[in-house]
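Please read the structure below before turning to the comments.
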Amino acid sequence: VKSAPIHYRIEAHDPQAHVWRITLTVSKPAKNQIVSLPVWIPGSYLVREFAKHLQQLRATQGGHEVPLSQHDKCTWQAACKTTAPLVLSYEVYAFDMSVRTSYLDAQRGFFNPTSLCLRVHGQESKAHTLELTAPEKVAIQAIYVRAEGRFDAKKQLGEYTFSDYDELADTPFECVLGSAKHWHGSFDLRGVRHEMVVTGAAPSFDGARLLADTQKIVEAEFNFWHGPKDAPPYRHYVFMLHTVADGYGGLEHRASTALIASRSDLPRKDAKSQPEGYTQLLGLISHEYFHTWNVKRLKPIEFTRYDYAQENYTRLLWFFEGFTSYYDDLLLRRAGLIDNNQYLRLLQKTLNQVLQTPGRWVQSVADASMDAWVKYYRIDENTPNITVSYYTKGALVGLCLDLTLRREGRTSLDEVMRALFKRCKAGRGNPAQAGGMTEADLLTVLRELGGRSFEAEVQRWTRSTDELPVLELLAAHGVEVRQDAAPLAQRLGLRVQDSSGSVQIKTVLRGSAAHAAGFAANDEWLAVGDWRITKLDELPLLAGTAKAKSKTVTALVARDKRLLSLKLAIPEASSITTAQLKAAQADKVNAWLAG
Ligand SMILES: [Zn+2]
């Protein structure tokens with residue numbers, strides 16, 4: 001490819017030091033050109049300060065050094081002229097396995113351009129090209145990316161074109177280096193190629209199974225959003241899955257997704273049944289692919305122009321993350337990958353997670369969305385007490401809306417989603433706002449399709465901390481809801497870690513028995529009365545509470561090397577319950593779950 005006005009040469013320079021070397025050529029620089037590195041990556045709402053890993057920045061023009069001045073943590077200005085190309089060179093340290101930044105060792109290179117590519121201010125809408133290369137001693141085996149371009153294995157070189165900086169920033173790269181093993185497969189849907197690359201898998205991995213199940217998800221979600229004649233909204237899609245000993249997460253992009261999962265959750269060859277975590281992995285794939293529409297193409301109006309230099313606030317993550325979470329498991333059911341009761345068990349888990357979070361009395365989901373940058377993405381011991389997840393509670397808002405619409409018989413949330421996608425696609429005649437959605441758009445579509453205003457419900461469910469009518473709506477759709485005794489930790493109001501021979505307190509839930517007794521996060525729970533406790537489940541045995549009656553015991557804890565005796569009133573087993581869901585009336589449940 002011919003180099004664009006903005007051209008990056010990215011070299012897997014020193015894999016053993018985890019260092020990429022970048023050379024950025026700006027063919028027509030502004031006088032005193034400004035460049036900066038993003039502080040966040042869209043889809044992950046936390047300021048991550050990618051510039052932390054940028055080093056040795058220098059600038060030249062016509063072979064002469066150009067002075068640089070630094071404006072802030074991530075912005076530089078080159079004292080350049082406009083008469084010759086400006087060349088900036090720098091290194092980026094990359095040793096983070098997550099899907100949000102970049103990684104480099106002798107087996108694998110992965111990066112999001114938000115971590116590696118300085119943004120050239122004022123030239124963002126020009127074409128950008130990226131050339132990916134390696135020194136002679138490092139072999140590039142393969143490059144996976146959804147971009148216009150090609151990889152020439154003989155020349156150890158891949159060259160890619162992007163229409164603007166936003167497209168570049170939204171395109172992660174996965175590179176297989178050296179002799180690393182990886183798995184690759186593909187399928188076509190309506191003439192469009194969908195690729196999957198899996199790195200880090202163990203020899204037992206059944207790639208064909210994962211690919212076939214992914215294809216079912218893609219077909220179900222494509223059919224959800226589109227009519228029988230529509231073409232996909234992209235020309236090529238790539239699923240990039242990196243597997244590790246212990247990990248979970250994903251990040252959505254306009255025509256690809258980067259995923260991380262535990263290799264023990266992968267499907268296995270010649271296995272009678274698949275690991276329990278496999279359904280969760282399919283749920284993750286379903287979630288990120290659903291974002292291809294919901295947040296990448298239909299998006300909060302505030303996201304139609306990303307500001308890479310600071311937080312981008314929206315009150316609508318309960319819609320974009322929550323409704324995506326509602327549909328991720330539901331569409332596994334529609335794709336035939338799980339049955340009704342398996343679906344209800346996943347929903348039950350979501351429901352109980354919300355019911356176990358005292359923060360739902362403190363924050364609405366709209367406020368939780370605004371605060372994502374400082375609360376949800378900065379989880380600590382107090383998080384469950386001060387905020388509610390816009391994923392889980394947002395999914396329940398989606399459920400309540402869907403079941404309310406279905407009960408009234410005029411429409412469903414499925415139709416509302418499609419209508420919103422169509423309504424916002426063109427940006428109301430302003431191409432700069434293409435895909436941008438507001439809460440008013442949702443209310444308008446609900447009124448049009450639902451035949452009445454749903455403003456009162458949407459306000460109450462998203463802007464207040466009132467309880468959602470989940471149980472009543474489920475019962476109306478043929479689901480039997482039973483209350484069961486809650487697990488011990490939940491009854492006490494504790495979240496603990498007790499797998500390595502001692503009971504470590506991670507969180508004390510506000511308003512609980514543990515709160516009243518005076519437990520604190522980071523306490524080590526040593527004894528109950530005269531007995532040593534090493535697992536929370538030993539408590540009924542040691543306290544003699546097997547008959548489910550309440551009882552007060554003395555709990556000995558260590559806090560900062562001091563021993564404290566706490567009076568803990570263990571509540572009755574029936575006092576705190578969890579919801580159990582079961583499909584009771586098959587016709588009603590099918591009418592909803594089978595779509
Ligand atoms: Zn998501």
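Each chain in the structure tokens gets a letter, A, B, ..., in the order shown, and its residues are numbered from 1; ligands are numbered from 1 in order too.
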
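Residues in contact with segment 190-204 of chain A at up to 6 Å, not including ones fewer than 3 positions away on its chain and judged by only C-alpha atoms, are His182, Trp183, His184, Gly185, Ser186, Phe187, His236, Tyr237, Val238, Phe239, Met240, Leu241, His242, Thr243, Arg263, Arg268 and Lys269 of chain A.
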
For the residues in the current selection, export N, CA and C atoms as an mmCIF file, in the first residue's frame.
```cif
data_model
loop_
_atom_site.group_PDB
_atom_site.id
_atom_site.type_symbol
_atom_site.label_atom_id
_atom_site.label_comp_id
_atom_site.auth_asym_id
_atom_site.auth_seq_id
_atom_site.Cartn_x
_atom_site.Cartn_y
_atom_site.Cartn_z
ATOM 1 N N HIS A 182 -1.133 -21.866 17.287
ATOM 2 C CA HIS A 182 -2.421 -21.212 17.450
ATOM 3 C C HIS A 182 -3.435 -21.950 16.599
ATOM 4 N N TRP A 183 -4.710 -21.696 16.848
ATOM 5 C CA TRP A 183 -5.773 -22.350 16.092
ATOM 6 C C TRP A 183 -6.518 -21.287 15.298
ATOM 7 N N HIS A 184 -6.861 -21.638 14.066
ATOM 8 C CA HIS A 184 -7.543 -20.675 13.216
ATOM 9 C C HIS A 184 -8.633 -21.364 12.421
ATOM 10 N N GLY A 185 -9.808 -20.733 12.318
ATOM 11 C CA GLY A 185 -10.891 -21.276 11.504
ATOM 12 C C GLY A 185 -11.754 -20.140 10.989
ATOM 13 N N SER A 186 -12.656 -20.451 10.053
ATOM 14 C CA SER A 186 -13.528 -19.393 9.534
ATOM 15 C C SER A 186 -14.812 -19.983 8.981
ATOM 16 N N PHE A 187 -15.823 -19.132 8.857
ATOM 17 C CA PHE A 187 -17.063 -19.506 8.178
ATOM 18 C C PHE A 187 -17.599 -18.265 7.473
ATOM 19 N N HIS A 236 -15.895 -7.966 6.968
ATOM 20 C CA HIS A 236 -15.004 -9.041 7.423
ATOM 21 C C HIS A 236 -14.998 -8.917 8.945
ATOM 22 N N TYR A 237 -15.103 -10.035 9.663
ATOM 23 C CA TYR A 237 -15.152 -9.961 11.131
ATOM 24 C C TYR A 237 -14.151 -10.957 11.717
ATOM 25 N N VAL A 238 -13.484 -10.561 12.790
ATOM 26 C CA VAL A 238 -12.509 -11.464 13.436
ATOM 27 C C VAL A 238 -12.785 -11.600 14.938
ATOM 28 N N PHE A 239 -12.923 -12.842 15.400
ATOM 29 C CA PHE A 239 -12.945 -13.142 16.837
ATOM 30 C C PHE A 239 -11.519 -13.501 17.235
ATOM 31 N N MET A 240 -10.925 -12.748 18.169
ATOM 32 C CA MET A 240 -9.572 -13.045 18.651
ATOM 33 C C MET A 240 -9.692 -13.515 20.091
ATOM 34 N N LEU A 241 -9.402 -14.784 20.322
ATOM 35 C CA LEU A 241 -9.547 -15.317 21.681
ATOM 36 C C LEU A 241 -8.180 -15.750 22.198
ATOM 37 N N HIS A 242 -7.744 -15.103 23.270
ATOM 38 C CA HIS A 242 -6.503 -15.524 23.917
ATOM 39 C C HIS A 242 -6.868 -16.271 25.191
ATOM 40 N N THR A 243 -6.302 -17.473 25.379
ATOM 41 C CA THR A 243 -6.651 -18.247 26.568
ATOM 42 C C THR A 243 -5.453 -18.347 27.501
ATOM 43 N N ARG A 263 -8.265 -21.310 29.749
ATOM 44 C CA ARG A 263 -8.183 -22.396 28.761
ATOM 45 C C ARG A 263 -8.964 -23.632 29.230
ATOM 46 N N ARG A 268 -13.611 -29.487 24.735
ATOM 47 C CA ARG A 268 -12.548 -30.497 24.590
ATOM 48 C C ARG A 268 -12.939 -31.568 23.595
ATOM 49 N N LYS A 269 -11.942 -32.025 22.853
ATOM 50 C CA LYS A 269 -12.136 -33.131 21.907
ATOM 51 C C LYS A 269 -12.501 -34.404 22.664
#
```

Subject >> Selection within 10 Å of ligand 1 by only C-alpha atoms and all ligand atoms, output as a PyMOL selection string >> reply: chain A and resi 43-44+249-252+284+286-291+294-295+317+320-325+328+391

How would the residues just chosen look if you wrote them out with N, CA, C and O atoms as a compact mmCIF listing (two decimals), in the first residue's frame?
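The file below, result-v2.txt, is the result:
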```txt
# COMPACT_ATOMS: atom_id res chain seq x y z
N GLY A 43 -15.15 1.48 25.22
CA GLY A 43 -15.68 0.17 25.61
C GLY A 43 -15.25 -0.20 27.03
O GLY A 43 -15.84 -1.07 27.65
N SER A 44 -14.20 0.44 27.52
CA SER A 44 -13.68 0.15 28.85
C SER A 44 -13.52 1.48 29.57
O SER A 44 -12.60 2.24 29.27
N GLY A 249 -12.77 -11.92 29.98
CA GLY A 249 -13.09 -10.55 29.59
C GLY A 249 -13.14 -10.41 28.08
O GLY A 249 -12.72 -11.30 27.34
N GLY A 250 -13.67 -9.30 27.64
CA GLY A 250 -13.75 -9.07 26.21
C GLY A 250 -13.91 -7.59 25.94
O GLY A 250 -14.30 -6.82 26.81
N LEU A 251 -13.55 -7.19 24.73
CA LEU A 251 -13.75 -5.80 24.33
C LEU A 251 -14.28 -5.80 22.91
O LEU A 251 -13.76 -6.49 22.03
N GLU A 252 -15.36 -5.03 22.72
CA GLU A 252 -16.04 -5.00 21.44
C GLU A 252 -15.40 -3.97 20.51
O GLU A 252 -14.93 -2.94 20.96
N LEU A 284 -19.94 -14.87 26.65
CA LEU A 284 -19.02 -13.75 26.39
C LEU A 284 -18.95 -13.44 24.89
O LEU A 284 -19.02 -12.28 24.47
N SER A 286 -21.23 -14.15 22.69
CA SER A 286 -22.54 -13.61 22.35
C SER A 286 -22.63 -12.13 22.74
O SER A 286 -23.13 -11.30 21.98
N HIS A 287 -22.13 -11.80 23.91
CA HIS A 287 -22.16 -10.42 24.41
C HIS A 287 -21.37 -9.47 23.51
O HIS A 287 -21.89 -8.45 23.05
N GLU A 288 -20.12 -9.83 23.25
CA GLU A 288 -19.27 -8.92 22.47
C GLU A 288 -19.76 -8.79 21.03
O GLU A 288 -19.71 -7.71 20.45
N TYR A 289 -20.27 -9.89 20.47
CA TYR A 289 -20.76 -9.80 19.08
C TYR A 289 -22.04 -8.96 19.01
O TYR A 289 -22.24 -8.21 18.05
N PHE A 290 -22.90 -9.04 20.03
CA PHE A 290 -24.12 -8.23 20.07
C PHE A 290 -23.78 -6.73 20.05
O PHE A 290 -24.50 -5.91 19.49
N HIS A 291 -22.64 -6.37 20.66
CA HIS A 291 -22.17 -4.98 20.66
C HIS A 291 -21.86 -4.47 19.25
O HIS A 291 -21.78 -3.26 19.05
N ASN A 294 -25.20 -2.95 19.18
CA ASN A 294 -25.57 -2.17 20.36
C ASN A 294 -24.35 -1.60 21.09
O ASN A 294 -23.84 -2.21 22.01
N VAL A 295 -23.90 -0.46 20.67
CA VAL A 295 -22.84 0.41 21.24
C VAL A 295 -21.80 0.75 20.18
O VAL A 295 -21.18 1.79 20.24
N LEU A 317 -25.37 3.54 30.07
CA LEU A 317 -24.72 2.23 30.02
C LEU A 317 -25.67 1.11 30.45
O LEU A 317 -25.49 -0.04 30.06
N PHE A 320 -26.80 0.19 27.01
CA PHE A 320 -25.81 -0.38 26.08
C PHE A 320 -25.08 -1.59 26.66
O PHE A 320 -24.77 -2.53 25.93
N GLU A 321 -24.81 -1.60 27.95
CA GLU A 321 -24.22 -2.80 28.57
C GLU A 321 -25.29 -3.71 29.16
O GLU A 321 -25.20 -4.94 29.05
N GLY A 322 -26.30 -3.11 29.80
CA GLY A 322 -27.33 -3.90 30.46
C GLY A 322 -28.18 -4.69 29.47
O GLY A 322 -28.37 -5.90 29.62
N PHE A 323 -28.68 -4.01 28.43
CA PHE A 323 -29.53 -4.71 27.47
C PHE A 323 -28.70 -5.73 26.66
O PHE A 323 -29.20 -6.78 26.29
N THR A 324 -27.42 -5.41 26.43
CA THR A 324 -26.54 -6.39 25.78
C THR A 324 -26.40 -7.62 26.67
O THR A 324 -26.39 -8.76 26.20
N SER A 325 -26.33 -7.40 27.99
CA SER A 325 -26.26 -8.53 28.93
C SER A 325 -27.57 -9.31 28.97
O SER A 325 -27.56 -10.53 29.15
N ASP A 328 -27.37 -11.39 25.73
CA ASP A 328 -26.27 -12.35 25.47
C ASP A 328 -26.68 -13.79 25.81
O ASP A 328 -26.51 -14.69 24.98
N TYR A 391 -24.51 -3.59 34.36
CA TYR A 391 -24.63 -4.84 33.57
C TYR A 391 -25.79 -5.67 34.11
O TYR A 391 -26.72 -6.00 33.38
```

Find the nearest atom pair between each residue of segment 244-320 of chain A and segment 408-429 of chain A for residues within 12 Å, count only C-alpha atoms, give distances in Å to one decimal, sort rows by chain and ascending number, and present the table as JSON lines.
```
{"residue": "A:Phe290", "atom": "CA", "partner": "A:Met417", "partner_atom": "CA", "distance": 11.5}
{"residue": "A:Thr292", "atom": "CA", "partner": "A:Phe421", "partner_atom": "CA", "distance": 11.6}
{"residue": "A:Trp293", "atom": "CA", "partner": "A:Phe421", "partner_atom": "CA", "distance": 7.8}
{"residue": "A:Asn294", "atom": "CA", "partner": "A:Phe421", "partner_atom": "CA", "distance": 8.3}
{"residue": "A:Val295", "atom": "CA", "partner": "A:Phe421", "partner_atom": "CA", "distance": 10.4}
{"residue": "A:Lys296", "atom": "CA", "partner": "A:Phe421", "partner_atom": "CA", "distance": 11.0}
{"residue": "A:Arg297", "atom": "CA", "partner": "A:Lys425", "partner_atom": "CA", "distance": 7.5}
{"residue": "A:Leu298", "atom": "CA", "partner": "A:Phe421", "partner_atom": "CA", "distance": 5.8}
{"residue": "A:Lys299", "atom": "CA", "partner": "A:Cys424", "partner_atom": "CA", "distance": 8.8}
{"residue": "A:Pro300", "atom": "CA", "partner": "A:Cys424", "partner_atom": "CA", "distance": 10.2}
{"residue": "A:Ile301", "atom": "CA", "partner": "A:Gly427", "partner_atom": "CA", "distance": 9.2}
{"residue": "A:Thr304", "atom": "CA", "partner": "A:Gly427", "partner_atom": "CA", "distance": 9.4}
{"residue": "A:Phe319", "atom": "CA", "partner": "A:Met417", "partner_atom": "CA", "distance": 10.3}
{"residue": "A:Phe320", "atom": "CA", "partner": "A:Met417", "partner_atom": "CA", "distance": 10.9}
```

With N, CA and C atoms kept, could you save the residues just selected as a PDB file, in the first residue's frame?
```pdb
ATOM      1  N   PHE A 290     -22.898  -9.043  20.033  1.00  0.00           N
ATOM      2  CA  PHE A 290     -24.120  -8.226  20.071  1.00  0.00           C
ATOM      3  C   PHE A 290     -23.777  -6.731  20.051  1.00  0.00           C
ATOM      4  N   THR A 292     -21.651  -5.382  18.283  1.00  0.00           N
ATOM      5  CA  THR A 292     -21.416  -4.937  16.907  1.00  0.00           C
ATOM      6  C   THR A 292     -22.517  -3.945  16.502  1.00  0.00           C
ATOM      7  N   TRP A 293     -23.729  -4.187  17.011  1.00  0.00           N
ATOM      8  CA  TRP A 293     -24.844  -3.252  16.794  1.00  0.00           C
ATOM      9  C   TRP A 293     -25.010  -2.343  17.998  1.00  0.00           C
ATOM     10  N   ASN A 294     -25.200  -2.951  19.181  1.00  0.00           N
ATOM     11  CA  ASN A 294     -25.571  -2.166  20.356  1.00  0.00           C
ATOM     12  C   ASN A 294     -24.351  -1.602  21.093  1.00  0.00           C
ATOM     13  N   VAL A 295     -23.899  -0.462  20.672  1.00  0.00           N
ATOM     14  CA  VAL A 295     -22.844   0.405  21.239  1.00  0.00           C
ATOM     15  C   VAL A 295     -21.805   0.752  20.176  1.00  0.00           C
ATOM     16  N   LYS A 296     -21.608  -0.125  19.162  1.00  0.00           N
ATOM     17  CA  LYS A 296     -20.667   0.256  18.106  1.00  0.00           C
ATOM     18  C   LYS A 296     -21.391   0.994  16.973  1.00  0.00           C
ATOM     19  N   ARG A 297     -22.661   0.605  16.680  1.00  0.00           N
ATOM     20  CA  ARG A 297     -23.388   1.295  15.601  1.00  0.00           C
ATOM     21  C   ARG A 297     -24.583   2.091  16.116  1.00  0.00           C
ATOM     22  N   LEU A 298     -25.317   1.534  17.062  1.00  0.00           N
ATOM     23  CA  LEU A 298     -26.295   2.310  17.835  1.00  0.00           C
ATOM     24  C   LEU A 298     -25.547   2.659  19.109  1.00  0.00           C
ATOM     25  N   LYS A 299     -25.373   3.958  19.405  1.00  0.00           N
ATOM     26  CA  LYS A 299     -24.493   4.328  20.512  1.00  0.00           C
ATOM     27  C   LYS A 299     -25.019   5.537  21.266  1.00  0.00           C
ATOM     28  N   PRO A 300     -24.559   5.760  22.497  1.00  0.00           N
ATOM     29  CA  PRO A 300     -24.957   6.983  23.195  1.00  0.00           C
ATOM     30  C   PRO A 300     -24.549   8.187  22.341  1.00  0.00           C
ATOM     31  N   ILE A 301     -25.400   9.199  22.272  1.00  0.00           N
ATOM     32  CA  ILE A 301     -25.098  10.360  21.417  1.00  0.00           C
ATOM     33  C   ILE A 301     -23.738  10.959  21.801  1.00  0.00           C
ATOM     34  N   THR A 304     -20.668   9.644  19.684  1.00  0.00           N
ATOM     35  CA  THR A 304     -20.538   9.749  18.232  1.00  0.00           C
ATOM     36  C   THR A 304     -19.195  10.383  17.863  1.00  0.00           C
ATOM     37  N   PHE A 319     -28.479   0.740  29.272  1.00  0.00           N
ATOM     38  CA  PHE A 319     -29.041   0.293  28.000  1.00  0.00           C
ATOM     39  C   PHE A 319     -27.968  -0.440  27.188  1.00  0.00           C
ATOM     40  N   PHE A 320     -26.796   0.187  27.012  1.00  0.00           N
ATOM     41  CA  PHE A 320     -25.811  -0.383  26.082  1.00  0.00           C
ATOM     42  C   PHE A 320     -25.082  -1.594  26.657  1.00  0.00           C
TER      43      PHE A 320
END
```

**OP:** Name the residues of segment 470-585 of chain A that fall into alpha helix (DSSP H) according to DSSP on the backbone, using the chain letters and numbers of this document, as a ChimeraX atom specification.
**Re:** /A:470-476,488-492,513-517,539-543

Go ahead and save the residues from that selection, with N, CA, C and O atoms, as a CSV table (one decimal), in the first residue's frame.
```csv
chain,number,residue,atom,x,y,z
A,470,VAL,N,-39.4,-7.8,38.9
A,470,VAL,CA,-38.9,-8.9,38.1
A,470,VAL,C,-39.7,-10.2,38.5
A,470,VAL,O,-40.2,-10.9,37.5
A,471,LEU,N,-39.9,-10.5,39.8
A,471,LEU,CA,-40.6,-11.7,40.1
A,471,LEU,C,-42.0,-11.8,39.6
A,471,LEU,O,-42.4,-12.9,39.1
A,472,GLU,N,-42.7,-10.7,39.8
A,472,GLU,CA,-44.1,-10.7,39.3
A,472,GLU,C,-44.2,-10.9,37.8
A,472,GLU,O,-45.0,-11.7,37.3
A,473,LEU,N,-43.3,-10.3,37.0
A,473,LEU,CA,-43.3,-10.4,35.6
A,473,LEU,C,-42.9,-11.8,35.1
A,473,LEU,O,-43.5,-12.3,34.2
A,474,LEU,N,-41.9,-12.4,35.8
A,474,LEU,CA,-41.5,-13.8,35.5
A,474,LEU,C,-42.7,-14.7,35.7
A,474,LEU,O,-43.0,-15.6,34.9
A,475,ALA,N,-43.4,-14.5,36.9
A,475,ALA,CA,-44.5,-15.4,37.2
A,475,ALA,C,-45.6,-15.3,36.1
A,475,ALA,O,-46.2,-16.3,35.7
A,476,ALA,N,-45.8,-14.1,35.6
A,476,ALA,CA,-46.8,-13.9,34.5
A,476,ALA,C,-46.4,-14.5,33.2
A,476,ALA,O,-47.2,-14.7,32.3
A,488,LEU,N,-24.6,-19.4,53.2
A,488,LEU,CA,-24.2,-18.9,54.5
A,488,LEU,C,-23.5,-17.5,54.4
A,488,LEU,O,-23.8,-16.6,55.2
A,489,ALA,N,-22.6,-17.3,53.5
A,489,ALA,CA,-21.8,-16.1,53.4
A,489,ALA,C,-22.8,-14.9,53.2
A,489,ALA,O,-22.7,-13.9,53.8
A,490,GLN,N,-23.8,-15.2,52.3
A,490,GLN,CA,-24.8,-14.1,52.0
A,490,GLN,C,-25.6,-13.8,53.3
A,490,GLN,O,-26.0,-12.7,53.5
A,491,ARG,N,-26.0,-14.9,54.0
A,491,ARG,CA,-26.8,-14.7,55.2
A,491,ARG,C,-26.0,-13.8,56.2
A,491,ARG,O,-26.6,-13.0,56.9
A,492,LEU,N,-24.7,-14.0,56.3
A,492,LEU,CA,-23.9,-13.3,57.2
A,492,LEU,C,-23.6,-11.9,56.7
A,492,LEU,O,-23.3,-11.0,57.5
A,513,ALA,N,-25.4,-8.9,59.3
A,513,ALA,CA,-25.0,-9.4,60.6
A,513,ALA,C,-23.5,-9.2,60.8
A,513,ALA,O,-23.1,-8.8,61.9
A,514,ALA,N,-22.7,-9.4,59.8
A,514,ALA,CA,-21.3,-9.2,59.9
A,514,ALA,C,-21.0,-7.7,60.2
A,514,ALA,O,-20.0,-7.4,60.9
A,515,HIS,N,-21.7,-6.8,59.5
A,515,HIS,CA,-21.6,-5.4,59.8
A,515,HIS,C,-21.9,-5.1,61.2
A,515,HIS,O,-21.1,-4.4,61.9
A,516,ALA,N,-23.0,-5.6,61.8
A,516,ALA,CA,-23.4,-5.4,63.1
A,516,ALA,C,-22.3,-5.9,64.1
A,516,ALA,O,-22.1,-5.3,65.2
A,517,ALA,N,-21.7,-7.0,63.8
A,517,ALA,CA,-20.7,-7.6,64.7
A,517,ALA,C,-19.4,-6.9,64.7
A,517,ALA,O,-18.6,-7.0,65.6
A,539,LEU,N,-18.6,-23.2,59.8
A,539,LEU,CA,-19.3,-22.4,60.9
A,539,LEU,C,-20.4,-23.1,61.5
A,539,LEU,O,-20.5,-23.2,62.8
A,540,PRO,N,-21.4,-23.7,60.8
A,540,PRO,CA,-22.5,-24.3,61.4
A,540,PRO,C,-22.1,-25.5,62.4
A,540,PRO,O,-22.6,-25.6,63.5
A,541,LEU,N,-21.1,-26.2,61.9
A,541,LEU,CA,-20.5,-27.3,62.7
A,541,LEU,C,-19.9,-26.8,64.0
A,541,LEU,O,-20.2,-27.3,65.1
A,542,LEU,N,-19.1,-25.7,63.9
A,542,LEU,CA,-18.4,-25.2,65.1
A,542,LEU,C,-19.3,-24.4,66.0
A,542,LEU,O,-19.1,-24.4,67.2
A,543,ALA,N,-20.3,-23.8,65.4
A,543,ALA,CA,-21.2,-23.0,66.2
A,543,ALA,C,-22.4,-23.8,66.7
A,543,ALA,O,-23.2,-23.3,67.6
```

**OP:** Find the residues around Asp72 of chain A up to 12 Å (only C-alpha atoms counted), leave out those fewer than 2 positions away in its own chain, and share them as a PyMOL selection string.
**Re:** chain A and resi 34-37+39+49+51-52+69-70+74-77+309
